[in-house]
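Novice: For reference, this is entry_32.tsv, and it has TSV, C-alpha atoms.
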chain	number	residue	atom	x	y	z
A	15	MET	CA	0.09	-37.42	-57.80
A	16	ASN	CA	-2.28	-35.02	-59.51
A	17	LYS	CA	-2.73	-31.47	-58.19
A	18	LYS	CA	-5.70	-32.40	-56.00
A	19	GLU	CA	-3.78	-35.28	-54.42
A	20	ILE	CA	-0.77	-33.02	-53.82
A	21	LYS	CA	-2.94	-30.47	-52.01
A	22	GLU	CA	-4.48	-33.21	-49.85
A	23	PHE	CA	-1.01	-34.64	-49.12
A	24	VAL	CA	0.26	-31.25	-47.94
A	25	LYS	CA	-2.76	-30.71	-45.69
A	26	ASP	CA	-2.68	-34.23	-44.23
A	27	ASN	CA	0.98	-34.07	-43.18
A	28	LYS	CA	2.85	-32.30	-40.41
A	29	TRP	CA	5.74	-30.28	-41.87
A	30	PHE	CA	9.03	-28.99	-40.48
A	31	THR	CA	11.41	-26.33	-41.76
A	32	TYR	CA	15.09	-27.22	-41.42
A	33	GLU	CA	15.42	-25.22	-38.17
A	34	GLN	CA	12.38	-26.95	-36.67
A	35	ALA	CA	13.62	-30.33	-37.83
A	36	GLU	CA	17.10	-29.83	-36.38
A	37	ASN	CA	15.57	-28.93	-33.02
A	38	GLU	CA	13.66	-32.23	-33.06
A	39	LEU	CA	16.71	-34.18	-34.23
A	40	ARG	CA	18.75	-33.17	-31.20
A	41	LYS	CA	16.14	-34.38	-28.69
A	42	HIS	CA	16.29	-37.88	-27.22
A	43	TRP	CA	13.41	-40.22	-28.18
A	44	ASN	CA	12.61	-40.54	-24.48
A	45	SER	CA	12.16	-37.14	-22.81
A	46	ASP	CA	13.38	-38.59	-19.49
A	47	CYS	CA	16.79	-39.19	-21.08
A	48	ASP	CA	16.91	-35.79	-22.78
A	49	LYS	CA	18.99	-33.91	-20.21
A	50	ASP	CA	20.58	-31.28	-22.43
A	51	GLY	CA	18.49	-31.45	-25.62
A	52	ASP	CA	21.60	-32.46	-27.52
A	53	TYR	CA	21.23	-36.22	-27.97
A	54	LEU	CA	22.62	-36.03	-31.51
A	55	LYS	CA	25.65	-33.75	-31.73
A	56	ILE	CA	26.31	-34.10	-35.46
A	57	LYS	CA	27.14	-30.74	-37.10
A	58	ARG	CA	24.60	-28.85	-39.22
A	59	ARG	CA	26.88	-28.93	-42.26
A	60	GLN	CA	27.10	-32.73	-42.07
A	61	ILE	CA	23.32	-33.10	-41.71
A	62	GLN	CA	22.75	-30.96	-44.80
A	63	LYS	CA	25.35	-32.99	-46.70
A	64	ILE	CA	23.39	-36.15	-45.80
A	65	LEU	CA	20.16	-34.49	-46.98
A	66	ARG	CA	21.70	-33.40	-50.29
A	67	SER	CA	23.01	-36.92	-50.93
A	68	ASP	CA	19.66	-38.53	-50.08
A	69	ILE	CA	17.66	-36.08	-52.21
A	70	ILE	CA	19.84	-36.52	-55.30
A	71	GLY	CA	20.16	-40.31	-54.81
A	72	THR	CA	16.37	-40.63	-54.50
A	73	TYR	CA	15.91	-38.53	-57.65
A	74	LEU	CA	18.26	-40.99	-59.43
A	75	GLU	CA	16.14	-43.86	-58.01
A	76	MET	CA	19.11	-45.59	-56.39
A	77	ASP	CA	16.75	-47.14	-53.85
A	78	LYS	CA	14.70	-48.85	-56.58
A	79	ARG	CA	17.51	-50.81	-58.20
A	80	GLU	CA	17.26	-54.55	-57.69
A	81	VAL	CA	18.72	-55.95	-60.92
A	82	GLY	CA	21.95	-57.94	-60.59
A	83	ILE	CA	21.94	-58.20	-56.79
A	84	THR	CA	20.83	-61.05	-54.55
A	85	GLU	CA	17.75	-61.02	-52.30
A	86	GLU	CA	20.04	-60.90	-49.27
A	87	GLU	CA	21.84	-57.84	-50.67
A	88	ILE	CA	18.48	-56.16	-51.35
A	89	PHE	CA	17.43	-56.89	-47.78
A	90	MET	CA	20.64	-55.36	-46.35
A	91	LYS	CA	20.19	-52.26	-48.51
A	92	LYS	CA	16.63	-51.80	-47.30
A	93	LEU	CA	17.93	-52.06	-43.75
A	94	TYR	CA	21.02	-49.85	-44.01
A	95	GLY	CA	20.54	-47.84	-47.21
A	96	TRP	CA	21.85	-47.64	-50.76
A	97	THR	CA	25.36	-46.34	-51.54
A	98	ALA	CA	26.83	-45.86	-55.01
A	99	GLU	CA	29.01	-43.54	-57.04
A	100	GLU	CA	26.76	-41.61	-59.41
A	101	THR	CA	27.09	-39.03	-62.16
A	102	PHE	CA	24.41	-36.33	-62.20
A	103	TYR	CA	23.79	-32.76	-63.37
A	104	LEU	CA	22.75	-29.65	-61.47
A	105	GLU	CA	21.46	-26.45	-63.00
A	106	TYR	CA	22.02	-22.94	-61.71
A	107	TYR	CA	21.45	-19.42	-62.99
A	108	ASP	CA	24.57	-17.50	-64.10
A	109	SER	CA	23.74	-13.81	-63.70
A	110	GLU	CA	26.76	-12.69	-65.75
A	111	ARG	CA	25.73	-14.79	-68.74
A	112	ASP	CA	22.02	-14.41	-67.97
A	113	ASP	CA	21.68	-18.10	-68.70
A	114	ILE	CA	21.04	-21.48	-67.05
A	115	ILE	CA	24.30	-23.40	-66.63
A	116	GLU	CA	24.39	-27.18	-66.23
A	117	GLU	CA	27.33	-28.72	-64.37
A	118	GLU	CA	28.29	-32.39	-64.17
A	119	TYR	CA	29.12	-34.04	-60.83
A	120	THR	CA	30.37	-37.50	-59.94
A	121	GLU	CA	29.96	-38.30	-56.26
A	122	LYS	CA	29.39	-41.15	-53.84
A	123	LEU	CA	25.75	-40.85	-52.77
A	124	HIS	CA	23.76	-42.54	-50.01
A	125	VAL	CA	19.98	-42.94	-49.80
A	126	PHE	CA	18.99	-43.83	-46.24
A	127	PRO	CA	16.06	-46.16	-45.42
A	128	LYS	CA	12.55	-44.74	-44.99
A	129	TYR	CA	9.84	-46.23	-42.77
A	130	ASP	CA	6.65	-45.19	-44.53
A	131	ARG	CA	5.01	-48.56	-43.87
A	132	LEU	CA	4.98	-47.68	-40.15
A	133	PHE	CA	2.87	-44.57	-40.61
A	134	PRO	CA	-0.87	-44.24	-41.29
A	135	ASN	CA	-2.13	-43.29	-44.75
A	136	ASN	CA	-0.90	-40.11	-46.47
A	137	GLU	CA	2.36	-40.01	-44.54
A	138	SER	CA	4.97	-41.25	-46.98
A	139	SER	CA	8.38	-39.62	-46.56
A	140	MET	CA	8.83	-36.35	-48.39
A	141	ILE	CA	11.43	-33.58	-48.37
A	142	LEU	CA	11.16	-30.43	-50.48
A	143	SER	CA	14.33	-28.48	-51.17
A	144	THR	CA	16.13	-26.01	-53.38
A	145	TRP	CA	17.88	-29.00	-55.01
A	146	ASP	CA	14.61	-30.01	-56.66
A	147	GLU	CA	14.77	-27.07	-59.07
A	148	GLN	CA	18.46	-27.65	-59.82
A	149	LEU	CA	17.97	-31.29	-60.80
A	150	GLY	CA	16.15	-30.29	-63.96
A	151	ALA	CA	12.51	-30.33	-64.97
A	152	ASP	CA	10.74	-33.68	-65.11
A	153	GLU	CA	7.50	-35.07	-63.68
A	154	TYR	CA	9.06	-35.86	-60.29
A	155	THR	CA	10.77	-32.50	-59.68
A	156	GLU	CA	7.80	-30.55	-61.04
A	157	MET	CA	5.54	-32.39	-58.60
A	158	LYS	CA	7.85	-31.45	-55.70
A	159	VAL	CA	8.12	-27.82	-56.79
A	160	PHE	CA	4.32	-27.56	-56.97
A	161	MET	CA	4.02	-29.26	-53.58
A	162	ARG	CA	6.37	-26.65	-52.14
A	163	GLU	CA	4.23	-23.85	-53.59
A	164	VAL	CA	1.12	-25.39	-52.02
A	165	TYR	CA	2.86	-25.78	-48.66
A	166	GLU	CA	4.07	-22.16	-48.68
A	167	LYS	CA	0.60	-20.92	-49.57
A	168	VAL	CA	-1.12	-23.02	-46.89
A	169	SER	CA	1.50	-22.06	-44.28
A	170	GLN	CA	1.44	-18.39	-45.37
A	171	LEU	CA	5.23	-18.15	-45.25
A	172	ASP	CA	6.79	-14.70	-45.56
A	173	THR	CA	10.00	-16.19	-46.98
A	174	ARG	CA	8.59	-18.13	-49.92
A	175	GLY	CA	11.21	-20.03	-51.89
A	176	ASN	CA	13.96	-19.17	-49.41
A	177	THR	CA	13.60	-22.12	-47.02
A	178	ALA	CA	16.28	-24.61	-48.02
A	179	TYR	CA	14.54	-27.73	-46.67
A	180	ILE	CA	10.95	-28.58	-45.73
A	181	MET	CA	10.25	-32.14	-44.62
A	182	ASN	CA	7.26	-34.05	-43.30
A	183	GLU	CA	7.21	-36.02	-40.05
A	184	SER	CA	7.81	-39.37	-41.74
A	185	TYR	CA	10.98	-38.09	-43.43
A	186	LEU	CA	12.18	-36.47	-40.19
A	187	PHE	CA	11.62	-39.79	-38.41
A	188	ALA	CA	13.81	-41.64	-40.95
A	189	LEU	CA	16.47	-38.90	-40.89
A	190	LYS	CA	16.75	-39.10	-37.11
A	191	HIS	CA	17.37	-42.85	-37.31
A	192	GLU	CA	20.02	-42.30	-39.99
A	193	LEU	CA	21.86	-39.74	-37.86
A	194	GLU	CA	21.56	-42.03	-34.85
A	195	ARG	CA	23.16	-44.90	-36.82
A	196	ARG	CA	26.05	-42.62	-37.79
A	197	GLU	CA	26.64	-41.11	-34.36
A	198	TYR	CA	26.13	-44.31	-32.39
A	199	PRO	CA	27.25	-47.01	-34.82
A	200	THR	CA	26.76	-50.62	-33.80
A	201	LYS	CA	28.44	-53.68	-35.25
A	202	ILE	CA	26.04	-56.57	-35.64
A	203	VAL	CA	28.49	-59.41	-34.97
A	204	TYR	CA	31.63	-58.70	-32.99
A	205	LEU	CA	32.96	-62.25	-33.18
A	206	LYS	CA	35.88	-63.11	-35.40
A	207	PRO	CA	36.94	-66.54	-36.61
A	208	HIS	CA	40.04	-68.09	-35.10
A	209	SER	CA	42.87	-66.77	-37.24
A	210	PRO	CA	44.75	-69.27	-39.48
A	211	LYS	CA	47.91	-68.50	-37.48
A	212	GLU	CA	46.14	-69.19	-34.18
A	213	ILE	CA	44.65	-72.45	-35.49
A	214	THR	CA	47.96	-73.63	-36.93
A	215	LYS	CA	49.77	-72.90	-33.67
A	216	ASN	CA	47.13	-74.78	-31.70
A	217	LEU	CA	47.19	-77.81	-33.98
A	218	SER	CA	50.99	-77.90	-34.19
A	219	ASN	CA	51.28	-78.05	-30.42
A	220	THR	CA	50.65	-81.82	-30.31
A	221	LYS	CA	52.74	-84.92	-29.68
A	222	TYR	CA	50.72	-87.40	-31.69
A	223	ASP	CA	48.93	-87.33	-35.02
A	224	TYR	CA	45.53	-88.26	-33.53
A	225	ASP	CA	45.70	-85.22	-31.25
A	226	ILE	CA	45.32	-83.00	-34.28
A	227	LEU	CA	41.65	-83.81	-34.84
A	228	GLN	CA	41.00	-83.75	-31.10
A	229	ASN	CA	42.36	-80.20	-30.97
A	230	SER	CA	40.21	-79.32	-33.98
A	231	ASP	CA	37.18	-80.46	-31.97
A	232	ILE	CA	38.20	-78.17	-29.11
A	233	LEU	CA	38.50	-75.18	-31.45
A	234	LEU	CA	35.11	-75.84	-33.01
A	235	LYS	CA	33.53	-76.32	-29.59
A	236	ASP	CA	34.96	-72.99	-28.45
A	237	PHE	CA	33.61	-71.30	-31.58
A	238	ASN	CA	30.18	-72.88	-31.00
A	239	GLU	CA	30.08	-71.60	-27.39
A	240	GLN	CA	30.88	-68.07	-28.56
A	241	ILE	CA	28.01	-68.22	-31.06
A	242	GLU	CA	25.62	-69.56	-28.42
A	243	ASN	CA	26.56	-66.74	-26.02
A	244	LEU	CA	26.04	-64.16	-28.76
A	245	VAL	CA	22.58	-65.57	-29.55
A	246	ILE	CA	21.68	-65.47	-25.82
A	247	THR	CA	22.78	-61.81	-25.64
A	248	HIS	CA	20.80	-60.97	-28.78
A	249	ASN	CA	17.64	-62.58	-27.40
A	250	LYS	CA	18.05	-60.73	-24.09
A	251	ALA	CA	18.10	-57.45	-26.01
A	252	LYS	CA	15.07	-58.58	-27.97
A	253	ASP	CA	13.29	-59.43	-24.71
A	254	VAL	CA	13.53	-55.76	-23.66
A	255	GLU	CA	11.43	-54.71	-26.66
A	256	ILE	CA	9.03	-57.63	-26.15
A	257	GLU	CA	8.48	-56.49	-22.55
A	258	ARG	CA	7.60	-52.98	-23.75
A	259	TYR	CA	4.93	-54.43	-26.05
A	260	PHE	CA	3.53	-56.55	-23.23
A	261	ASN	CA	3.40	-53.46	-20.99
A	262	ILE	CA	1.31	-51.61	-23.58
A	263	ASP	CA	-0.95	-54.65	-24.02
A	264	SER	CA	-1.36	-54.79	-20.23
A	265	PHE	CA	-2.54	-51.17	-20.28
A	266	PHE	CA	-5.63	-52.17	-22.28
A	267	ILE	CA	-6.26	-55.27	-20.16
A	268	LYS	CA	-5.80	-53.38	-16.88
A	269	TRP	CA	-8.25	-50.55	-17.63
A	270	GLN	CA	-10.82	-52.38	-19.78
A	271	ASN	CA	-13.04	-53.22	-16.77
A	272	THR	CA	-12.60	-49.85	-15.02
A	273	TYR	CA	-13.17	-47.58	-18.03
A	274	PRO	CA	-14.75	-49.84	-20.68
A	275	GLU	CA	-16.25	-47.01	-22.75
A	276	ALA	CA	-13.02	-45.00	-22.81
A	277	ILE	CA	-10.86	-48.01	-23.70
A	278	ASP	CA	-13.31	-49.12	-26.40
A	279	GLN	CA	-13.25	-45.60	-27.84
A	280	ILE	CA	-9.44	-45.57	-27.87
A	281	ILE	CA	-9.24	-49.01	-29.47
A	282	SER	CA	-11.82	-48.03	-32.10
A	283	SER	CA	-9.78	-44.95	-33.01
A	284	LEU	CA	-6.54	-46.96	-33.21
A	285	LYS	CA	-8.28	-49.47	-35.48
A	286	GLU	CA	-9.47	-46.69	-37.78
A	287	LYS	CA	-5.86	-45.58	-38.11
A	288	GLU	CA	-4.87	-49.21	-38.87
A	289	LEU	CA	-2.56	-49.27	-35.85
A	290	PHE	CA	-4.26	-51.65	-33.41
A	291	GLU	CA	-4.07	-54.88	-35.42
A	292	LYS	CA	-0.54	-54.04	-36.56
A	293	PHE	CA	0.53	-53.64	-32.93
A	294	PHE	CA	-0.46	-57.23	-32.12
A	295	LYS	CA	0.98	-58.56	-35.37
A	296	ILE	CA	4.39	-57.08	-34.52
A	297	LYS	CA	4.05	-58.25	-30.91
A	298	SER	CA	3.55	-61.79	-32.19
A	299	GLU	CA	6.57	-61.57	-34.52
A	300	LEU	CA	8.74	-60.29	-31.66
A	301	SER	CA	7.82	-63.25	-29.47
A	302	ASN	CA	9.76	-65.69	-31.69
A	303	SER	CA	13.22	-66.28	-30.20
A	304	PHE	CA	16.20	-66.04	-32.53
A	305	ASN	CA	17.98	-69.35	-33.22
A	306	PHE	CA	21.15	-70.20	-35.11
A	307	ASP	CA	22.31	-73.80	-35.32
A	308	LEU	CA	25.95	-74.32	-36.26
A	309	ASN	CA	25.75	-78.10	-36.48
A	310	ILE	CA	29.44	-78.47	-35.58
A	311	LYS	CA	28.93	-82.22	-35.27
A	312	LYS	CA	28.57	-82.39	-39.04
A	313	GLU	CA	31.69	-80.25	-39.51
A	314	LYS	CA	33.68	-82.52	-37.17
A	315	GLU	CA	32.61	-85.54	-39.20
A	316	LYS	CA	33.70	-83.83	-42.42
A	317	LEU	CA	37.13	-83.05	-40.98
A	318	SER	CA	37.48	-86.59	-39.63
A	319	ASP	CA	36.60	-88.16	-43.01
A	320	LYS	CA	38.89	-85.78	-44.88
A	321	TYR	CA	41.92	-86.29	-42.63
A	322	LYS	CA	41.40	-89.81	-41.23
A	323	ASP	CA	44.60	-91.01	-42.94
A	324	PHE	CA	46.39	-88.02	-41.54
A	325	THR	CA	50.18	-87.80	-41.74
A	326	PHE	CA	51.85	-85.24	-39.54
A	327	THR	CA	53.23	-82.64	-41.99
A	328	GLU	CA	53.28	-78.87	-41.99
A	329	ASP	CA	51.23	-78.72	-45.20
A	330	LYS	CA	48.51	-80.94	-43.73
A	331	ILE	CA	48.37	-78.79	-40.61
A	332	LYS	CA	47.88	-75.71	-42.79
A	333	SER	CA	45.19	-77.51	-44.78
A	334	ILE	CA	43.18	-78.32	-41.65
A	335	SER	CA	43.71	-74.76	-40.37
A	336	SER	CA	42.36	-73.41	-43.65
A	337	SER	CA	39.30	-75.69	-43.47
A	338	ILE	CA	38.45	-74.59	-39.92
A	339	TYR	CA	39.02	-70.91	-40.69
A	340	SER	CA	36.87	-71.06	-43.84
A	341	TYR	CA	34.08	-72.83	-41.95
A	342	GLU	CA	34.07	-70.28	-39.10
A	343	LYS	CA	34.26	-67.32	-41.48
A	344	TYR	CA	31.35	-68.64	-43.58
A	345	GLN	CA	29.21	-69.31	-40.49
A	346	LEU	CA	29.81	-65.79	-39.16
A	347	GLU	CA	28.77	-64.32	-42.51
A	348	LYS	CA	25.56	-66.38	-42.37
A	349	LEU	CA	24.99	-65.33	-38.76
A	350	GLU	CA	25.39	-61.65	-39.62
A	351	ILE	CA	22.72	-61.93	-42.32
A	352	GLU	CA	20.31	-63.80	-40.03
A	353	ILE	CA	20.84	-61.41	-37.11
A	354	SER	CA	20.35	-58.47	-39.51
A	355	LYS	CA	16.99	-59.93	-40.49
A	356	ASP	CA	16.00	-60.33	-36.85
A	357	ASN	CA	17.33	-56.85	-36.04
A	358	SER	CA	15.08	-55.44	-38.74
A	359	ILE	CA	12.08	-56.92	-36.89
A	360	ILE	CA	13.28	-55.38	-33.59
A	361	LEU	CA	14.02	-52.06	-35.28
A	362	GLU	CA	10.60	-51.89	-36.96
A	363	ALA	CA	8.97	-52.91	-33.67
A	364	ALA	CA	10.71	-50.08	-31.79
A	365	GLN	CA	9.84	-47.54	-34.48
A	366	PHE	CA	6.22	-48.63	-34.67
A	367	ARG	CA	5.93	-48.63	-30.86
A	368	TYR	CA	7.07	-45.01	-30.88
A	369	ILE	CA	4.34	-44.02	-33.36
A	370	PHE	CA	1.75	-46.19	-31.60
A	371	GLY	CA	2.65	-44.67	-28.22
A	372	ILE	CA	2.29	-41.09	-29.47
A	373	THR	CA	-1.10	-41.87	-31.01
A	374	LEU	CA	-2.27	-43.76	-27.92
A	375	ARG	CA	-1.38	-40.85	-25.65
A	376	GLU	CA	-3.13	-38.40	-27.95
A	377	GLN	CA	-6.30	-40.53	-27.76
A	378	VAL	CA	-6.15	-40.64	-23.96
A	379	GLU	CA	-5.56	-36.87	-23.73
A	380	ALA	CA	-8.58	-36.29	-25.99
A	381	LEU	CA	-10.95	-38.12	-23.63
A	382	PRO	CA	-13.55	-35.76	-22.10
A	383	SER	CA	-12.95	-37.20	-18.59
A	384	ASN	CA	-11.37	-40.03	-16.59
A	385	ASN	CA	-7.99	-39.58	-18.25
A	386	GLU	CA	-5.71	-38.66	-15.33
A	387	LEU	CA	-5.23	-42.23	-14.11
A	388	LEU	CA	-4.86	-43.44	-17.70
A	389	LEU	CA	-2.19	-40.81	-18.44
A	390	SER	CA	-0.37	-41.72	-15.23
A	391	SER	CA	-0.50	-45.38	-16.28
A	392	LEU	CA	1.05	-44.48	-19.66
A	393	ASP	CA	3.81	-42.57	-17.85
A	394	ASN	CA	4.61	-45.71	-15.88
A	395	ILE	CA	5.21	-47.72	-19.04
A	396	GLY	CA	7.34	-45.04	-20.68
A	397	ILE	CA	4.77	-43.51	-23.07
A	398	ARG	CA	5.13	-39.75	-22.64
Represent the supplied structure as structure tokens.
Specialist:
Amino acid sequence: MNKKEIKEFVKDNKWFTYEQAENELRKHWNSDCDKDGDYLKIKRRQIQKILRSDIIGTYLEMDKREVGITEEEIFMKKLYGWTAEETFYLEYYDSERDDIIEEEYTEKLHVFPKYDRLFPNNESSMILSTWDEQLGADEYTEMKVFMREVYEKVSQLDTRGNTAYIMNESYLFALKHELERREYPTKIVYLKPHSPKEITKNLSNTKYDYDILQNSDILLKDFNEQIENLVITHNKAKDVEIERYFNIDSFFIKWQNTYPEAIDQIISSLKEKELFEKFFKIKSELSNSFNFDLNIKKEKEKLSDKYKDFTFTEDKIKSISSSIYSYEKYQLEKLEIEISKDNSIILEAAQFRYIFGITLREQVEALPSNNELLLSSLDNIGIR
């Protein structure tokens, strides 16, 4: 950015000092669920440690590295963040020596995902901090230092240069999701493959050789049923978000005939902000059910061909057990990747709905008249 662009960026964004940001972080997304204003209980020291790691990791461009890793690995990093052990240098002023001292650090850093694509123009994630000056002078840090100076001048701060962190709304939004992931961690796939010991015990508990493959079929069928149940559960959770999108869509349909001018004005404003079309694009993506086909019939045929001349020995039992375990483990790894991809769609949908809902309510509140019923209607679909 040049200096003019930096000044425009500062003016176009909503900014938070650390204290203001922390106050927002502790609130629940839904005010109805925010009983004590302490949704996220993570300690201040830990939050600032996360910020320091993200700031330094971003400076080192950890989140831009794509060489030597697969597309699936890149996808997972974009979803959950980039972690790596890095060596970097920080500068500080030594008053006794009256000199700038540079110290070397080697630490495990984590850059958490940002969601800039969800926000309108001029709202890319940005955090300004005292670390910027300690990372050394280059084009990136000089831009951030100048941006801080512009912000402090525009905001007329009395404590210039003393505020440790200043972040815009987009960065705060991403930070809140990162803290939420840490405080309320979720495992994508809870299923585990049948253990080799469990499979061996099951297969060994037979009287005749031909029972071995029959028992293998039972194990694979059980595994398939577990996968099917997990997919059903996943789609039920997805349906909750789909319903929220349909509720918002119904808002426009419901009031179009009653307040056509007001609704047209709201839609026009949402289109100008490039939010309206994106809403329906995401709604369409959400409507696709998640599917995962194991094709256990093919796996049964492979086992049958491989062990059709089966002789009842302990080594052969272990061999079949290993084949079944490897198959189940591989399928669960594939399932985790596919569910992660679908979760990213749900996650982006929820995040965008939050931004869309705030903007929609602002547009309704700005109407000169006829907005009480519309506001009440938004309350009923959870947009507050």
Novice: Please provide the set of residues having any atom within 9 Å of region 357-363 of chain A, restricted to all atoms listed in the file, with same-chain residues fewer than 3 positions apart removed, written as number ranges by chain.
Specialist: A: 93, 129, 132, 202, 252, 255-256, 259, 293, 296-297, 299-300, 352-354, 366-368
Novice: Identify, on the basis of all atoms listed in the file, every residue whose closest approach to region 237-250 of chain A does not exceed 9 Å; exclude the query and any residue fewer than 6 positions from it along the same chain; express the result as a list in words.
Specialist: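 Using all atoms listed in the file, the neighbours found are Val203, Tyr204, Leu205, Pro207, His208, Ser303, Phe304, Asn305, Phe306, Asp307, Leu308, Asn309, Ile310, Glu342, Leu346, Leu349 and Ile353 of chain A.
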Novice: So, with only C-alpha atoms as the atoms that count, which of A:Asn16, A:Glu197, A:Glu86, A:Lys190 lies closest to Lys348 (chain A)?
Specialist: A:Glu86
Novice: Smallest atom-to-atom distance to His124 (chain A): which of A:Pro274, A:Gly95, A:Gly371, A:Pro382, using all atoms listed in the file?
Specialist: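 Counting all atoms listed in the file, the residue closest to His124 (chain A) is A:Gly95.
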Novice: Find the residue from A:Arg79, A:Lys167, A:Lys320, A:Arg196 that sits nearest to Lys55 (chain A); use all atoms listed in the file when measuring.
Specialist: A:Arg196
Novice: Take the point (11.2, -39.5, -38.5) as written in the file and pick out every residue within 10 Å of it, counting only C-alpha atoms; give the list as an NGL selection string.
Specialist: :A and (35 or 38-39 or 128-130 or 133 or 139 or 181-192 or 365 or 369)
Novice: List as number ranges by chain the protein and nucleic acid residues near Ile331 (chain A), meaning an atom at most 9 Å away when all atoms listed in the file are counted, but skip any in the same chain fewer than 6 places from it.
Specialist: A: 213-214, 217-218, 226
Novice: I'd like to know which of A:Lys211, A:Lys312, A:Lys91, A:Arg162 is closest to Ser336 (chain A), using all atoms listed in the file.
Specialist: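 Distance minimum relative to Ser336 (chain A) lands on A:Lys211.
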Novice: Could you please determine the separation between CA of Arg66 (chain A) and CA of Gly150 (chain A) in Å, to one decimal place?
Specialist: 15.1 Å
Novice: If you measure from CA of Leu381 (chain A) to CA of Ser169 (chain A), what distance in Å do you get, rounded to one decimal?
Specialist: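 Computed distance, CA of Leu381 (chain A) to CA of Ser169 (chain A), equals 29.0 Å.
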Novice: Any idea what's packed within 12 Å of Lys311 (chain A), counting only C-alpha atoms, ignoring anything in its chain fewer than 2 positions away? Could you give it as a list of chain:residue names?
Specialist: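 Near neighbours after the sequence-gap exclusion: A:Ser230, A:Asp231, A:Ile232, A:Leu234, A:Lys235, A:Asn238, A:Asp307, A:Leu308, A:Asn309, A:Glu313, A:Lys314, A:Glu315, A:Lys316, A:Leu317, A:Ser318.
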Novice: Work out how far apart CA of Glu100 (chain A) and CA of Asp68 (chain A) are and give it in Å to one decimal.
Specialist: 12.1 Å
Novice: Find, counting all atoms listed in the file, the residue in A:Arg40, A:Gly396, A:Phe266, A:Val168 that gets nearest to Glu194 (chain A).
Specialist: A:Arg40
Novice: Counting only C-alpha atoms, figure out which residue out of A:Asp152, A:Glu110, A:Asp253, A:Asp77 gets nearest to Tyr94 (chain A).
Specialist: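 Among A:Asp152, A:Glu110, A:Asp253, A:Asp77, it is A:Asp77 that comes nearest to Tyr94 (chain A).
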Novice: Got a sec: who's within 7 Å of Tyr179 (chain A), counting all atoms listed in the file, leaving out chain neighbours fewer than 4 positions off, as a PyMOL selection string?
Specialist: chain A and resi 31-32+141-143
Novice: Here's a test: counting all atoms listed in the file, identify every protein, DNA and RNA residue with an atom at most 12 Å from (-7.6, -37.3, -28.2) in the file's coordinate frame, and state them as an MDAnalysis selection string.
Specialist: chainID A and resid 276 279:281 283:284 372:383 385 389
